[in-house]
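Listing of my_file_34.tsv, TSV, C-alpha atoms and all ligand atoms
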```tsv
chain	number	residue	atom	x	y	z
A	20	MET	CA	-77.66	-129.19	-111.38
A	21	ALA	CA	-75.75	-131.48	-109.04
A	22	SER	CA	-73.47	-129.66	-106.69
A	23	GLU	CA	-69.74	-130.29	-106.56
A	24	ALA	CA	-70.29	-131.96	-103.18
A	25	THR	CA	-72.40	-134.65	-104.86
A	26	TRP	CA	-69.39	-135.76	-106.88
A	27	HIS	CA	-66.77	-135.60	-104.17
A	28	PRO	CA	-67.27	-137.24	-100.79
A	29	THR	CA	-64.89	-134.73	-99.25
A	30	SER	CA	-63.83	-131.22	-100.21
A	31	ARG	CA	-60.68	-130.74	-102.26
A	32	TRP	CA	-59.04	-129.22	-99.21
A	33	GLN	CA	-59.87	-132.30	-97.14
A	34	GLN	CA	-58.49	-134.58	-99.84
A	35	TYR	CA	-55.13	-132.81	-99.74
A	36	LEU	CA	-55.20	-132.89	-95.97
A	37	GLN	CA	-55.85	-136.63	-96.04
A	38	LEU	CA	-52.68	-137.13	-98.11
A	39	THR	CA	-50.62	-135.75	-95.24
A	40	LYS	CA	-51.85	-138.46	-92.78
A	41	PRO	CA	-52.73	-135.70	-90.29
A	42	ARG	CA	-53.24	-137.88	-87.23
A	43	VAL	CA	-49.90	-139.65	-87.55
A	44	VAL	CA	-48.17	-136.36	-88.30
A	45	SER	CA	-49.80	-134.77	-85.24
A	46	LEU	CA	-48.11	-137.26	-82.93
A	47	ILE	CA	-44.86	-136.90	-84.85
A	48	VAL	CA	-44.99	-133.14	-84.41
A	49	PHE	CA	-45.94	-133.54	-80.75
A	50	THR	CA	-42.75	-135.57	-80.12
A	51	ALA	CA	-40.74	-132.92	-81.99
A	52	VAL	CA	-42.20	-130.16	-79.80
A	53	ILE	CA	-41.39	-132.13	-76.64
A	54	GLY	CA	-37.83	-132.45	-77.98
A	55	MET	CA	-37.74	-128.64	-78.21
A	56	PHE	CA	-38.93	-128.19	-74.61
A	57	LEU	CA	-36.50	-130.74	-73.22
A	58	ALA	CA	-33.56	-129.15	-75.03
A	59	VAL	CA	-33.44	-126.08	-72.77
A	60	PRO	CA	-33.86	-125.65	-69.00
A	61	GLY	CA	-36.30	-122.71	-69.14
A	62	PRO	CA	-38.84	-121.50	-71.70
A	63	VAL	CA	-38.26	-122.28	-75.38
A	64	PRO	CA	-37.48	-119.24	-77.53
A	65	LEU	CA	-40.53	-118.49	-79.66
A	66	PRO	CA	-39.02	-118.39	-83.20
A	67	PRO	CA	-37.64	-121.97	-83.25
A	68	LEU	CA	-40.77	-123.20	-81.45
A	69	VAL	CA	-43.14	-121.71	-84.02
A	70	PHE	CA	-41.08	-122.05	-87.20
A	71	GLY	CA	-39.50	-125.36	-86.21
A	72	THR	CA	-42.94	-126.86	-85.57
A	73	LEU	CA	-44.31	-125.46	-88.81
A	74	GLY	CA	-41.35	-126.62	-90.90
A	75	ILE	CA	-41.25	-130.13	-89.42
A	76	ALA	CA	-45.02	-130.53	-89.81
A	77	LEU	CA	-44.93	-129.43	-93.47
A	78	VAL	CA	-42.04	-131.74	-94.39
A	79	ALA	CA	-43.61	-134.68	-92.51
A	80	GLY	CA	-46.89	-134.05	-94.37
A	81	ALA	CA	-44.98	-133.94	-97.67
A	82	ALA	CA	-43.31	-137.27	-96.84
A	83	ALA	CA	-46.71	-138.82	-96.10
A	84	ALA	CA	-48.05	-137.50	-99.42
A	85	VAL	CA	-45.13	-139.05	-101.33
A	86	ASN	CA	-45.91	-142.32	-99.55
A	87	CYS	CA	-49.52	-142.07	-100.78
A	88	LEU	CA	-48.26	-141.34	-104.29
A	89	VAL	CA	-45.83	-144.28	-104.41
A	90	GLU	CA	-48.25	-146.74	-102.79
A	91	GLN	CA	-51.45	-145.85	-104.62
A	92	LYS	CA	-51.74	-149.31	-106.23
A	93	ILE	CA	-51.14	-151.08	-102.94
A	94	ASP	CA	-53.54	-148.70	-101.17
A	95	ALA	CA	-56.25	-149.54	-103.73
A	96	VAL	CA	-56.02	-153.23	-102.77
A	97	MET	CA	-56.05	-152.84	-98.98
A	98	THR	CA	-59.35	-152.35	-97.15
A	99	ARG	CA	-57.77	-149.94	-94.66
A	100	THR	CA	-56.34	-147.62	-97.31
A	101	ARG	CA	-58.57	-147.86	-100.36
A	102	GLY	CA	-60.56	-144.77	-99.35
A	103	ARG	CA	-57.49	-142.52	-99.78
A	104	PRO	CA	-57.69	-139.75	-102.39
A	105	LEU	CA	-55.41	-141.39	-105.02
A	106	PRO	CA	-57.03	-144.84	-105.18
A	107	GLN	CA	-60.43	-143.07	-105.11
A	108	GLY	CA	-59.40	-141.05	-108.18
A	109	GLN	CA	-60.08	-137.82	-106.31
A	110	LEU	CA	-56.55	-136.53	-106.84
A	111	THR	CA	-54.02	-137.33	-109.59
A	112	SER	CA	-50.38	-138.32	-109.20
A	113	LEU	CA	-49.31	-134.96	-110.59
A	114	GLN	CA	-51.47	-133.03	-108.15
A	115	THR	CA	-50.02	-135.09	-105.31
A	116	LEU	CA	-46.45	-134.56	-106.50
A	117	VAL	CA	-46.92	-130.81	-106.87
A	118	PHE	CA	-48.64	-130.58	-103.47
A	119	SER	CA	-45.89	-132.54	-101.79
A	120	GLY	CA	-43.19	-130.48	-103.54
A	121	VAL	CA	-44.81	-127.21	-102.50
A	122	ILE	CA	-45.44	-127.98	-98.83
A	123	GLY	CA	-42.13	-129.85	-98.49
A	124	GLY	CA	-40.23	-127.03	-100.20
A	125	VAL	CA	-41.88	-124.37	-98.04
A	126	GLY	CA	-41.17	-126.47	-94.93
A	127	LEU	CA	-37.48	-126.85	-95.79
A	128	ALA	CA	-37.17	-123.15	-96.64
A	129	VAL	CA	-38.76	-122.20	-93.31
A	130	LEU	CA	-36.36	-124.48	-91.45
A	131	TYR	CA	-33.29	-123.24	-93.33
A	132	ASN	CA	-34.04	-119.54	-93.15
A	133	LEU	CA	-35.99	-119.14	-89.92
A	134	VAL	CA	-34.60	-121.99	-87.77
A	135	ASN	CA	-31.15	-123.28	-88.71
A	136	PRO	CA	-29.48	-125.21	-91.54
A	137	LEU	CA	-28.75	-128.29	-89.37
A	138	THR	CA	-32.47	-128.79	-88.67
A	139	MET	CA	-33.24	-128.41	-92.35
A	140	TRP	CA	-30.65	-131.03	-93.36
A	141	LEU	CA	-31.74	-133.49	-90.68
A	142	THR	CA	-35.39	-133.04	-91.65
A	143	LEU	CA	-34.53	-133.54	-95.31
A	144	ALA	CA	-32.67	-136.74	-94.41
A	145	THR	CA	-35.74	-137.87	-92.43
A	146	PHE	CA	-37.95	-137.13	-95.43
A	147	VAL	CA	-35.69	-139.22	-97.69
A	148	GLY	CA	-35.57	-141.96	-95.04
A	149	TYR	CA	-39.35	-142.33	-94.97
A	150	ALA	CA	-40.45	-141.34	-98.48
A	151	ILE	CA	-37.67	-143.14	-100.37
A	152	VAL	CA	-35.67	-145.57	-98.20
A	153	TYR	CA	-38.68	-147.00	-96.32
A	154	THR	CA	-41.48	-146.57	-98.86
A	155	VAL	CA	-39.69	-147.35	-102.11
A	156	VAL	CA	-36.85	-149.66	-101.07
A	157	LEU	CA	-37.48	-151.43	-97.76
A	158	LYS	CA	-41.24	-151.90	-97.60
A	159	PRO	CA	-41.49	-154.12	-100.69
A	160	LEU	CA	-38.19	-155.86	-99.87
A	161	THR	CA	-38.01	-157.12	-96.29
A	162	PRO	CA	-40.18	-157.69	-93.22
A	163	GLN	CA	-37.53	-155.77	-91.28
A	164	ASN	CA	-38.76	-152.69	-93.23
A	165	ILE	CA	-40.35	-151.04	-90.24
A	166	VAL	CA	-37.45	-151.74	-87.88
A	167	ILE	CA	-35.03	-149.93	-90.20
A	168	GLY	CA	-37.59	-147.46	-91.55
A	169	GLY	CA	-38.61	-146.69	-87.98
A	170	ALA	CA	-35.44	-144.61	-87.73
A	171	SER	CA	-37.18	-141.85	-89.72
A	172	GLY	CA	-40.23	-141.91	-87.47
A	173	ALA	CA	-37.92	-141.68	-84.46
A	174	MET	CA	-36.14	-138.55	-85.70
A	175	PRO	CA	-38.68	-135.80	-84.80
A	176	PRO	CA	-37.53	-135.21	-81.18
A	177	VAL	CA	-33.99	-134.93	-82.53
A	178	LEU	CA	-35.22	-132.41	-85.09
A	179	GLY	CA	-36.97	-130.44	-82.36
A	180	TRP	CA	-33.83	-130.48	-80.23
A	181	ALA	CA	-31.69	-129.31	-83.15
A	182	ALA	CA	-34.18	-126.53	-83.93
A	183	VAL	CA	-33.74	-125.02	-80.48
A	184	THR	CA	-30.06	-125.68	-79.74
A	185	GLY	CA	-28.49	-125.93	-83.20
A	186	GLU	CA	-26.95	-129.28	-82.20
A	187	VAL	CA	-27.82	-132.88	-81.34
A	188	SER	CA	-27.00	-134.06	-77.83
A	189	HIS	CA	-26.97	-137.57	-76.35
A	190	ASP	CA	-30.21	-136.75	-74.48
A	191	ALA	CA	-31.91	-136.21	-77.84
A	192	LEU	CA	-30.62	-139.60	-78.96
A	193	LEU	CA	-32.38	-141.22	-75.99
A	194	LEU	CA	-35.67	-139.81	-77.26
A	195	PHE	CA	-34.82	-141.19	-80.68
A	196	LEU	CA	-34.16	-144.62	-79.15
A	197	ILE	CA	-37.52	-144.65	-77.37
A	198	ILE	CA	-39.51	-144.12	-80.59
A	199	PHE	CA	-37.20	-146.46	-82.48
A	200	ALA	CA	-37.93	-149.29	-80.00
A	201	TRP	CA	-41.64	-148.39	-79.90
A	202	THR	CA	-42.22	-148.66	-83.66
A	203	PRO	CA	-42.09	-152.49	-84.01
A	204	PRO	CA	-44.72	-153.25	-81.33
A	205	HIS	CA	-46.78	-150.28	-82.60
A	206	PHE	CA	-46.82	-151.50	-86.15
A	207	TRP	CA	-46.77	-155.29	-85.73
A	208	SER	CA	-49.89	-155.20	-83.52
A	209	LEU	CA	-51.68	-153.59	-86.44
A	210	ALA	CA	-50.05	-155.92	-88.97
A	211	LEU	CA	-51.36	-158.93	-87.01
A	212	TYR	CA	-55.01	-157.98	-87.40
A	213	ARG	CA	-54.48	-156.51	-90.90
A	214	LYS	CA	-52.49	-159.52	-92.18
A	215	GLN	CA	-54.97	-160.36	-94.95
A	216	ASP	CA	-54.69	-156.82	-96.34
A	217	TYR	CA	-50.90	-157.02	-96.56
A	218	ALA	CA	-50.96	-160.55	-98.01
A	219	LYS	CA	-53.48	-159.45	-100.66
A	220	ALA	CA	-51.32	-156.47	-101.58
A	221	GLY	CA	-48.13	-158.58	-101.67
A	222	VAL	CA	-46.37	-156.52	-98.98
A	223	PRO	CA	-43.89	-158.68	-97.03
A	224	MET	CA	-44.91	-157.66	-93.50
A	225	LEU	CA	-43.77	-159.93	-90.66
A	226	PRO	CA	-47.05	-161.85	-90.06
A	227	VAL	CA	-47.21	-162.60	-93.81
A	228	THR	CA	-43.61	-163.79	-94.16
A	229	HIS	CA	-42.95	-165.36	-90.74
A	230	GLY	CA	-46.43	-166.13	-89.43
A	231	ASP	CA	-48.47	-164.99	-86.45
A	232	GLN	CA	-46.60	-166.87	-83.77
A	233	PHE	CA	-43.23	-165.31	-84.64
A	234	THR	CA	-44.79	-161.84	-84.91
A	235	ARG	CA	-46.48	-162.18	-81.54
A	236	LEU	CA	-43.16	-163.20	-79.98
A	237	SER	CA	-41.50	-160.24	-81.71
A	238	VAL	CA	-44.11	-157.84	-80.32
A	239	PHE	CA	-43.48	-159.23	-76.84
A	240	LEU	CA	-39.67	-159.03	-77.06
A	241	TYR	CA	-39.62	-155.55	-78.57
A	242	THR	CA	-42.04	-154.36	-75.87
A	243	LEU	CA	-39.53	-155.54	-73.25
A	244	ILE	CA	-36.75	-153.73	-75.10
A	245	LEU	CA	-38.95	-150.63	-75.31
A	246	VAL	CA	-39.68	-150.59	-71.59
A	247	ALA	CA	-35.97	-151.10	-70.83
A	248	VAL	CA	-35.06	-148.21	-73.16
A	249	THR	CA	-37.62	-145.94	-71.49
A	250	LEU	CA	-35.67	-146.30	-68.24
A	251	LEU	CA	-32.60	-144.66	-69.79
A	252	PRO	CA	-33.72	-141.02	-69.33
A	253	PHE	CA	-33.98	-141.70	-65.60
A	254	ALA	CA	-30.77	-143.75	-65.48
A	255	THR	CA	-28.84	-140.90	-67.12
A	256	ARG	CA	-30.48	-138.28	-64.83
A	257	MET	CA	-32.05	-136.58	-67.81
A	258	SER	CA	-35.45	-137.13	-66.14
A	259	GLY	CA	-36.59	-137.66	-62.59
A	260	TRP	CA	-39.10	-139.60	-60.51
A	261	ILE	CA	-42.27	-138.29	-62.15
A	262	TYR	CA	-41.03	-139.59	-65.46
A	263	LEU	CA	-39.79	-142.88	-64.02
A	264	SER	CA	-43.06	-143.71	-62.29
A	265	SER	CA	-45.05	-142.81	-65.42
A	266	ALA	CA	-42.75	-144.91	-67.62
A	267	LEU	CA	-43.10	-147.89	-65.28
A	268	VAL	CA	-46.90	-147.74	-65.08
A	269	LEU	CA	-47.33	-147.15	-68.82
A	270	GLY	CA	-44.75	-149.85	-69.56
A	271	ALA	CA	-46.43	-152.38	-67.25
A	272	VAL	CA	-49.72	-151.93	-69.11
A	273	TYR	CA	-47.94	-152.30	-72.45
A	274	ILE	CA	-46.17	-155.48	-71.31
A	275	ALA	CA	-49.51	-156.85	-70.10
A	276	TYR	CA	-50.92	-156.33	-73.61
A	277	ALA	CA	-47.84	-157.93	-75.17
A	278	VAL	CA	-48.06	-160.98	-72.90
A	279	ARG	CA	-51.74	-161.45	-73.72
A	280	ILE	CA	-51.03	-161.05	-77.43
A	281	TYR	CA	-48.43	-163.80	-77.10
A	282	VAL	CA	-50.38	-166.28	-75.00
A	283	ALA	CA	-54.04	-165.60	-75.85
A	284	TYR	CA	-54.16	-163.78	-79.18
A	285	THR	CA	-57.33	-162.29	-80.61
A	286	ASP	CA	-57.66	-159.63	-83.32
A	287	ARG	CA	-59.59	-157.51	-80.84
A	288	LEU	CA	-56.67	-157.61	-78.42
A	289	ALA	CA	-54.18	-156.66	-81.17
A	290	ARG	CA	-56.40	-153.74	-82.13
A	291	GLN	CA	-56.53	-152.59	-78.50
A	292	ALA	CA	-52.74	-152.94	-78.20
A	293	PHE	CA	-52.27	-150.87	-81.36
A	294	ARG	CA	-54.53	-148.12	-79.99
A	295	TYR	CA	-52.74	-148.31	-76.67
A	296	SER	CA	-49.37	-147.88	-78.42
A	297	ILE	CA	-50.47	-144.41	-79.50
A	298	VAL	CA	-51.81	-143.41	-76.08
A	299	TYR	CA	-48.63	-144.85	-74.56
A	300	LEU	CA	-46.24	-142.75	-76.67
A	301	ALA	CA	-48.24	-139.56	-76.21
A	302	ALA	CA	-48.43	-140.11	-72.44
A	303	LEU	CA	-44.75	-141.06	-72.12
A	304	PHE	CA	-43.65	-137.90	-73.92
A	305	SER	CA	-46.08	-135.83	-71.86
A	306	ALA	CA	-44.49	-137.31	-68.74
A	307	LEU	CA	-41.04	-136.30	-70.00
A	308	LEU	CA	-42.32	-132.75	-70.39
A	309	VAL	CA	-44.04	-132.52	-67.00
A	310	ASP	CA	-40.99	-134.03	-65.32
A	311	HIS	CA	-38.73	-131.51	-67.04
A	312	TYR	CA	-40.53	-128.58	-65.43
A	313	VAL	CA	-41.72	-130.13	-62.15
A	314	ARG	CA	-38.56	-131.93	-61.13
A	315	PHE	CA	-38.00	-133.29	-57.63
A	401	LIG	C1	-42.00	-147.01	-89.86
A	401	LIG	C2	-42.69	-146.54	-88.84
A	401	LIG	C3	-44.20	-146.67	-88.71
A	401	LIG	C4	-45.07	-147.52	-89.29
A	401	LIG	C5	-44.77	-148.61	-90.31
A	401	LIG	C6	-46.40	-147.17	-88.83
A	401	LIG	C7	-47.57	-147.76	-89.26
A	401	LIG	C8	-48.81	-147.28	-89.01
A	401	LIG	C9	-49.99	-147.66	-89.74
A	401	LIG	C10	-50.04	-148.68	-90.87
A	401	LIG	C11	-51.01	-146.95	-89.24
A	401	LIG	C12	-52.42	-146.91	-89.79
A	401	LIG	C13	-53.48	-147.35	-88.95
A	401	LIG	C14	-54.81	-147.17	-89.67
A	401	LIG	O1	-55.01	-146.11	-90.32
A	401	LIG	O2	-55.62	-148.10	-89.63
A	401	LIG	C15	-50.50	-146.12	-88.18
A	401	LIG	C16	-51.26	-145.28	-87.42
A	401	LIG	C17	-50.73	-144.38	-86.55
A	401	LIG	N1	-49.41	-144.16	-86.30
A	401	LIG	FE1	-47.87	-145.24	-87.01
A	401	LIG	N2	-46.31	-146.13	-87.95
A	401	LIG	C18	-44.99	-145.80	-87.86
A	401	LIG	C19	-44.47	-144.80	-87.11
A	401	LIG	C20	-45.21	-143.93	-86.38
A	401	LIG	C21	-44.65	-142.83	-85.63
A	401	LIG	C22	-43.18	-142.48	-85.56
A	401	LIG	C23	-45.69	-142.21	-85.03
A	401	LIG	C24	-45.68	-141.01	-84.14
A	401	LIG	C25	-44.70	-140.68	-83.38
A	401	LIG	C26	-46.90	-142.90	-85.41
A	401	LIG	C27	-48.15	-142.54	-84.99
A	401	LIG	C28	-49.30	-143.11	-85.45
A	401	LIG	C29	-50.64	-142.65	-85.09
A	401	LIG	C30	-50.98	-141.49	-84.18
A	401	LIG	C31	-51.54	-143.45	-85.79
A	401	LIG	C32	-53.07	-143.39	-85.73
A	401	LIG	C33	-53.61	-142.70	-86.92
A	401	LIG	C34	-55.11	-142.66	-86.93
A	401	LIG	O3	-55.75	-142.84	-85.90
A	401	LIG	O4	-55.62	-142.42	-88.02
A	401	LIG	N3	-46.56	-143.94	-86.21
A	401	LIG	N4	-49.15	-146.34	-88.07
A	402	LIG	C1	-40.22	-135.04	-90.12
A	402	LIG	C2	-40.44	-136.04	-91.14
A	402	LIG	C3	-39.96	-135.74	-92.50
A	402	LIG	C4	-41.08	-137.19	-90.81
A	402	LIG	C5	-41.39	-138.22	-91.77
A	402	LIG	C6	-41.59	-139.50	-91.09
A	402	LIG	C7	-42.99	-139.96	-91.20
A	402	LIG	C8	-44.04	-139.16	-91.92
A	402	LIG	C9	-43.27	-141.10	-90.63
A	402	LIG	C10	-44.63	-141.60	-90.65
A	402	LIG	C11	-44.67	-143.02	-90.34
A	402	LIG	C12	-45.89	-143.61	-90.98
A	402	LIG	C13	-47.02	-142.77	-91.44
A	402	LIG	C14	-45.93	-144.84	-91.15
A	402	LIG	C15	-47.10	-145.47	-91.83
A	402	LIG	O1	-46.63	-146.62	-92.38
A	402	LIG	P1	-46.96	-146.92	-93.88
A	402	LIG	O2	-46.51	-145.78	-94.70
A	402	LIG	O3	-46.41	-148.25	-94.20
A	402	LIG	O4	-48.54	-146.98	-93.72
A	402	LIG	P2	-49.72	-147.01	-94.75
A	402	LIG	O5	-49.94	-148.43	-95.09
A	402	LIG	O6	-50.85	-146.43	-93.93
A	402	LIG	O7	-49.35	-146.15	-95.94
```
Would you kindly transcribe this structure into structure tokens?
Amino acid sequence: MASEATWHPTSRWQQYLQLTKPRVVSLIVFTAVIGMFLAVPGPVPLPPLVFGTLGIALVAGAAAAVNCLVEQKIDAVMTRTRGRPLPQGQLTSLQTLVFSGVIGGVGLAVLYNLVNPLTMWLTLATFVGYAIVYTVVLKPLTPQNIVIGGASGAMPPVLGWAAVTGEVSHDALLLFLIIFAWTPPHFWSLALYRKQDYAKAGVPMLPVTHGDQFTRLSVFLYTLILVAVTLLPFATRMSGWIYLSSALVLGAVYIAYAVRIYVAYTDRLARQAFRYSIVYLAALFSALLVDHYVRF
């Protein structure tokens, strides 16, 4: 008799995990944790660190699963996403909904009871921002979808900050601004080399609606805005020289990618720039952390 594994390319557990977009959520959670560390001068108290991280990760995973649920027809059309569990018929809509409800509900309960109500409410708002406002309303409506929807992706450091301090300070808003400005060059680099996918699926992403040239210019201009925004933590004395030098080096490399995308575009370059965007954000937030503890 054929084993279960013959019928399913991945285990049931892996299929559910795939719904949560684990790699994206890992970076999201990483930025939330850095927000926690930056919120206090010394060590972070253990309960908000552990339960805040757990709660934010669960709700972010639930939001990603709702996105997979809502977009299953689009995902079936796009080469990049057609291997996901819903378009593959490995999981049903109901299973996805229940899974998302359970992990999201547990995440919110953890945040409310073991962290603080403010963090729970902000995380819920972030969930709604991504799963409903971005996925259901903005994405099919306007090529500015990711600029506005990026606000949800930018929230995690604010959530981390709120988990530890019970409030949101202007320093936390600087971290928000960095991710907010980072999202357009992050996403539009990918959209440039995945344009055919989005056109086929009828999703109005910028290269589809306004063409490559305009998108390449937008990537360049937003990268300049991003690098300017990354100077703010130093300008406001939130961070010191270690952070500033890291932000300048990382930013110079990013601008070099953006210039080349503008003047000498190739898909390969856009792919490299997209990959770099992820390394960039992880390294920038690591620099914030190192600088916070090794300040001179
Ligand atoms: C509205 C905001 C965002 C949009 C539209 C967006 C879009 C995308 C897309 C379409 C991919 C898929 C690449 C692929 O699988 O081929 C991706 C990958 C990724 N994104 Fe974003 N992103 C957003 C925000 C964020 C945020 C806030 C973070 C983290 C802080 C993030 C981190 C990542 C990471 C780590 C990957 C790589 C995943 C992998 O290697 O499988 N993204 N993003
Ligand atoms: C804390 C919390 C609740 C966070 C939620 C925010 C969140 C999960 C943001 C993720 C951003 C993301 C995966 C964008 C992918 O774009 P897409 O959905 O257009 O990509 P796709 O084409 O791969 O589905």
(request) Please write out the residues within 10 Å of ligand LIG 401 (chain A) as a VMD selection string, counting all atoms listed in the file. (result) chain A and resid 37 40 to 51 98 to 100 148 to 149 153 to 154 158 163 to 176 195 198 to 199 201 to 210 213 224 290 293 to 294 296 to 298 300 to 301 304
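Residues surrounding Thr255 in chain A within 12 Å are His189, Asp190, Leu193, Val248, Thr249 and Leu263 of chain A [only C-alpha atoms; sequence separation below 6 positions excluded].
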(message) Could you list, as a list in words, every residue within 10 Å of range 129-143 of chain A, counting only C-alpha atoms and ignoring same-chain residues fewer than 6 positions away?
(response) Pro66, Pro67, Leu68, Val69, Phe70, Gly71, Thr72, Leu73, Gly74, Ile75, Leu77, Val78, Ala79, Ala82, Gly123, Ser171, Met174, Pro175, Val177, Leu178, Gly179, Trp180, Ala181, Ala182, Val183, Thr184, Gly185, Glu186 and Val187 of chain A
(message) Give me the residues near Leu38 in chain A as a PyMOL selection string, where near means some atom within 10 Å (using all atoms listed in the file) and where sequence neighbours in that chain fewer than 3 positions away do not count.
(response) chain A and resi 33-35+41+80-88+103-105+110+115+118-119
(message) Residues near Gly259 in chain A, anyone? I mean within 8 Å using only C-alpha atoms, not counting same-chain ones fewer than 5 positions away, as a PyMOL selection string.
(response) chain A and resi 253+310-311+314-315
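Each of A:Tyr299, A:Phe146, A:Phe56, A:Tyr217 was checked against ligand LIG 402 (chain A) using all atoms listed in the file; the smallest atom-to-atom distance is that of A:Phe146.
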(message) Report, in Å with one decimal, the straight-line distance from CA of Gln232 in chain A to CA of Val282 in chain A.
(response) 9.6 Å
(request) Find, counting all atoms listed in the file, the residue in A:Ile93, A:Val117, A:Leu267, A:Leu251 that gets nearest to Pro159 in chain A. (result) A:Ile93
